[in-house]
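Structure, as structure tokens:
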Amino acid sequence: MIDGTIAELAQALHARRISSEELTSEALARIERAQSRFNAFITIDRDGALAAARAADAALRKGDGGPLTGIPLAHKDVLMTAGLNTTCGSRMLADFVAPYDAFVVEQLRKAGTVLVGKTNMDEFAMGSSSETSWFGPVRNPWDPAYVPGGSSGGSAVAVAARLVPAATGTDTGGSIRQPAALTGICGLKPTYGACSRYGLVAFASSLDHPGPFGRTAEDCALLLRAMAGHDPRDSTSIDRPPEDYAQLLREPRAAKVLEGLRIGLPKEFHGEGVDAEVAAAVEAAIAELQKLGATLKTISLPAVKYSVPVYYVIAPAEASSNLSRFDGVRYGHRANDFKDLLDMYKKTRAEGFGAEVKRRILTGTYVLSHGYYDAYYLKAQQVRRLIADDFRRAYGECDVIVGPTAPSAAFKIGAKTDDPVQMYLNDIFTIAADLTGAPAISIPCGVTRDGLPIGLQIQGNHFDEARILDVAHRYQQATDWHQRVPPIEHASKSS
Ligand code: GLN
């Protein structure tokens with residue numbers, strides 16, 4: 001049963017064909033069994049989940065539930081969850097218990113979801129493969145020798161391996177969309193400010209976006225409706241009237257979204273550097289969208305080629321500042337033996353952070369330092385504006401922009417760990433939307449000869465979540481890539 005989408009499970013829950021307690025027990029059993037194979041979770045909250053499931057069942061019995069009531073769900077371990085460990089995949093916070101809920105966690109609790117646990121991730125969300133976690137690498141259910149992408153790899157695997165129907169992630173440079181692509185599920189990065197960052201442990205504050213993972217665009221729509229909303233505790237949270245994205249999908253207008261839709265194909269996203277199998281799958285998906293009524297237009301985003309270097313100045317700069325709070329005094333780990341205060345800081349940070357986090361702190365400190373600030377940080381901010389201007393111009397000519405989510409399908413564990421630049425290039429197609437703050441979704445559109453999933457990215461202008469969800473939904477009504485299941489026993493066995 002748990003293999004169903006949220007929309008299907010909600011029907012079964014409301015019709016009382018199944019209880020949330022049964023569903024949650026099934027999720028917990030699968031999570032516990034799969035843990036040694038995929039390492040998708042850092043914390044499993046069996047007791048809390050069962051108690052929340054019983055409360056959801058009581059609400060459903062009274063006829064009180066909404067579309068998410070009783071749905072088991074996992075949160076990326078960078079989101080604070082009151083009373084539960086929140087580790088960010090780091091030794092620094094290995095024993096840290098969150099004192100409050102993040103905004104999106106609170107919203108999803110209010111919507112009646114059942115928190116089953118916290119998912120594994122790259123340390124402090126820095127990575128594209130979920131290999132930098134202090135708790136060990138996450139494995140891809142399509143082939144455990146491969147990475148699931150990152151940094152939200154644990155959440156993506158939890159959904160792809162049918163352990164839970166839905167999960168949350170965060171996207172700073174691609175960390176929702178790229179793992180969604182590499183594990184064959186859907187992942188949405190909303191407009192910056194649509195989902196409050198309150199209680200999201202900061203990596204790069206001007207780039208961090210919480211968002212949902214689901215198996216279908218419709219499920220992402222249901223989750224986003226609950227996660228979005230104004231929150232005065234985040235000064236960049238946007239105050240807009242709520243939109244019922246899932247309801248919008250059902251309107252007659254949505255069925256016609258592709259009729260005359262202008263799809264922009266940036267030549268920068270469809271040329272060199274894309275694996276041939278990925279390019280072919282993306283081309284086939286575009287042909288399908290065209291068959292459904294869309295028109296195609298080649299566009300150009302000349303500054304987008306600077307996205308990766310711009311990101312790797314701005315993100316580390318913000319990270320070096322945000323991570324200065326981990327000093328052995330206020331949060332988390334503290335070294336055991338030290339001579340004096342300075343020695344305590346040094347040893348604590350040397351022991352608490354892994355190599356990738358240290359690399360970012362060093363880079364960030366360098367680009368912000370006196371004499372380099374203008375040459376690097378300021379310059380990067382200026383180029384960030386040029387990239388945003390390119391997109392603004394492009395949306396005069398087209399309604400959505402379509403291309404591959406990642407340049408290749410999943411790669412083997414260990415294949416890129418010694419070459420940070422190769423690792424960074426994984427996000428070449430996803431980073432621009434973080435720099436501009438506009439929404440983008442990744443949905444499955446094919447598999448490689450080796451049986452690894454391929455993702456299609458649909459980007460929209462600011463606040464165009466409803467439109468990109470409509471496009472993704474129409475594509476999923478016409479194709480079945482999102483129904484492919486990885487070769488794991490439980491997923492094929494149950495109904
Ligand atoms: N892979 C990118 C990085 O390492 C993006 C990570 C993210 O989106 N959190 O910074």
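How things are named: the first chain in the structure tokens is A, the next is B, and so on; residues count from 1 in each chain; ligands count from 1 in the order shown.
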Quick one: which chain A residues come within 7 Å of ligand 1, and what is the nearest atom pair for each with the distance in Å to one decimal, counting only C-alpha atoms and all ligand atoms, rows ordered by chain and ascending number, as a tab-separated table?
```
residue	atom	partner	partner_atom_place_in_ligand_line	distance
A:Ala125	CA	ligand 1	9 (N)	4.3
A:Met126	CA	ligand 1	4 (O)	3.9
A:Gly127	CA	ligand 1	4 (O)	3.4
A:Ser128	CA	ligand 1	1 (N)	4.1
A:Gly150	CA	ligand 1	1 (N)	6.5
A:Ser151	CA	ligand 1	9 (N)	5.3
A:Thr170	CA	ligand 1	9 (N)	6.3
A:Asp171	CA	ligand 1	8 (O)	4.1
A:Thr172	CA	ligand 1	8 (O)	3.4
A:Gly173	CA	ligand 1	8 (O)	3.6
A:Gly174	CA	ligand 1	8 (O)	4.2
A:Ser175	CA	ligand 1	8 (O)	3.6
A:Ile176	CA	ligand 1	8 (O)	6.8
A:Ala315	CA	ligand 1	10 (O)	6.9
A:Tyr424	CA	ligand 1	1 (N)	6.0
A:Asp427	CA	ligand 1	1 (N)	6.0
```
Per-residue nearest contacts of segment 9-118 of chain A to segment 194-206 of chain A (7 Å; only C-alpha atoms) as a tab-separated table:
```
residue	atom	partner	partner_atom	distance
A:Val78	CA	A:Val201	CA	5.6
A:Leu79	CA	A:Leu200	CA	4.6
A:Met80	CA	A:Gly199	CA	5.3
A:Asp101	CA	A:Gly199	CA	6.4
A:Ala102	CA	A:Gly199	CA	3.7
A:Phe103	CA	A:Tyr198	CA	5.4
A:Val104	CA	A:Cys195	CA	6.9
```
Could you write out the selected residues, including C-alpha atoms, as a tab-separated table (two decimals), in the first residue's frame?
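The resulting file, result02.tsv, is shown below:
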```
chain	number	residue	atom	x	y	z
A	78	VAL	CA	19.32	19.99	8.19
A	79	LEU	CA	15.79	20.95	9.29
A	80	MET	CA	15.23	21.38	13.01
A	101	ASP	CA	10.71	22.93	14.76
A	102	ALA	CA	11.72	24.55	11.49
A	103	PHE	CA	8.86	26.44	9.82
A	104	VAL	CA	8.35	23.80	7.13
```
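Between Ala246 of chain A and the residues A:Leu68, A:Met423, A:Leu386, A:Ile428, the shortest atom-to-atom distance, using only C-alpha atoms, involves A:Leu68.
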Spatial neighbours of Val138 of chain A, max dist 8 Å, only C-alpha atoms, sep filter under 5 positions, as a ChimeraX atom specification: /A:38-40,120-121,130-131,147-148,153-154
Keeping N, CA and C atoms for every residue in the selection just given, could you write it to a file as an mmCIF file, in the first residue's frame?
```cif
data_model
loop_
_atom_site.group_PDB
_atom_site.id
_atom_site.type_symbol
_atom_site.label_atom_id
_atom_site.label_comp_id
_atom_site.auth_asym_id
_atom_site.auth_seq_id
_atom_site.Cartn_x
_atom_site.Cartn_y
_atom_site.Cartn_z
ATOM 1 N N PHE A 38 21.046 1.054 2.228
ATOM 2 C CA PHE A 38 21.076 2.375 1.591
ATOM 3 C C PHE A 38 21.560 3.489 2.521
ATOM 4 N N ASN A 39 21.500 3.254 3.832
ATOM 5 C CA ASN A 39 21.960 4.267 4.796
ATOM 6 C C ASN A 39 21.251 5.610 4.580
ATOM 7 N N ALA A 40 19.955 5.534 4.305
ATOM 8 C CA ALA A 40 19.211 6.757 3.971
ATOM 9 C C ALA A 40 18.862 7.592 5.198
ATOM 10 N N ASN A 120 19.764 11.174 5.860
ATOM 11 C CA ASN A 120 21.206 11.364 5.703
ATOM 12 C C ASN A 120 21.489 12.347 4.560
ATOM 13 N N MET A 121 22.621 13.008 4.626
ATOM 14 C CA MET A 121 22.915 14.108 3.687
ATOM 15 C C MET A 121 24.404 14.410 3.688
ATOM 16 N N SER A 130 26.064 12.893 -1.534
ATOM 17 C CA SER A 130 25.745 12.343 -0.212
ATOM 18 C C SER A 130 26.834 11.409 0.297
ATOM 19 N N GLU A 131 28.081 11.719 -0.077
ATOM 20 C CA GLU A 131 29.208 10.921 0.411
ATOM 21 C C GLU A 131 29.962 11.605 1.549
ATOM 22 N N VAL A 147 26.101 6.554 -6.368
ATOM 23 C CA VAL A 147 25.621 7.595 -5.446
ATOM 24 C C VAL A 147 24.169 7.938 -5.804
ATOM 25 N N PRO A 148 23.424 8.483 -4.841
ATOM 26 C CA PRO A 148 22.052 8.918 -5.136
ATOM 27 C C PRO A 148 21.990 10.397 -5.505
ATOM 28 N N GLY A 153 20.487 13.435 -0.491
ATOM 29 C CA GLY A 153 20.431 12.060 -1.006
ATOM 30 C C GLY A 153 19.572 11.124 -0.166
ATOM 31 N N GLY A 154 19.613 11.275 1.157
ATOM 32 C CA GLY A 154 18.829 10.374 2.027
ATOM 33 C C GLY A 154 17.335 10.537 1.787
#
```
Best match for closeness to Gln476 of chain A among A:Glu272, A:Phe411, A:Cys445, A:Pro165, counting only C-alpha atoms: A:Cys445
Met344 of chain A environment, 12 Å, only C-alpha atoms, sequence neighbours closer than 3 positions dropped, as a ChimeraX atom specification: /A:326-329,333-341,347-352
Interatomic distance (Å, one decimal) between atom CA of Ile185 of chain A and atom CA of Arg215 of chain A: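 Answer for the atom CA of Ile185 of chain A to atom CA of Arg215 of chain A separation: 5.1 Å.
Using only C-alpha atoms, the contacts of Leu261 of chain A at a cut-off of 7 Å, with sequence neighbours closer than 3 positions omitted, comprise Val257, Leu258, Ala294, Thr295 and Asp399 of chain A.
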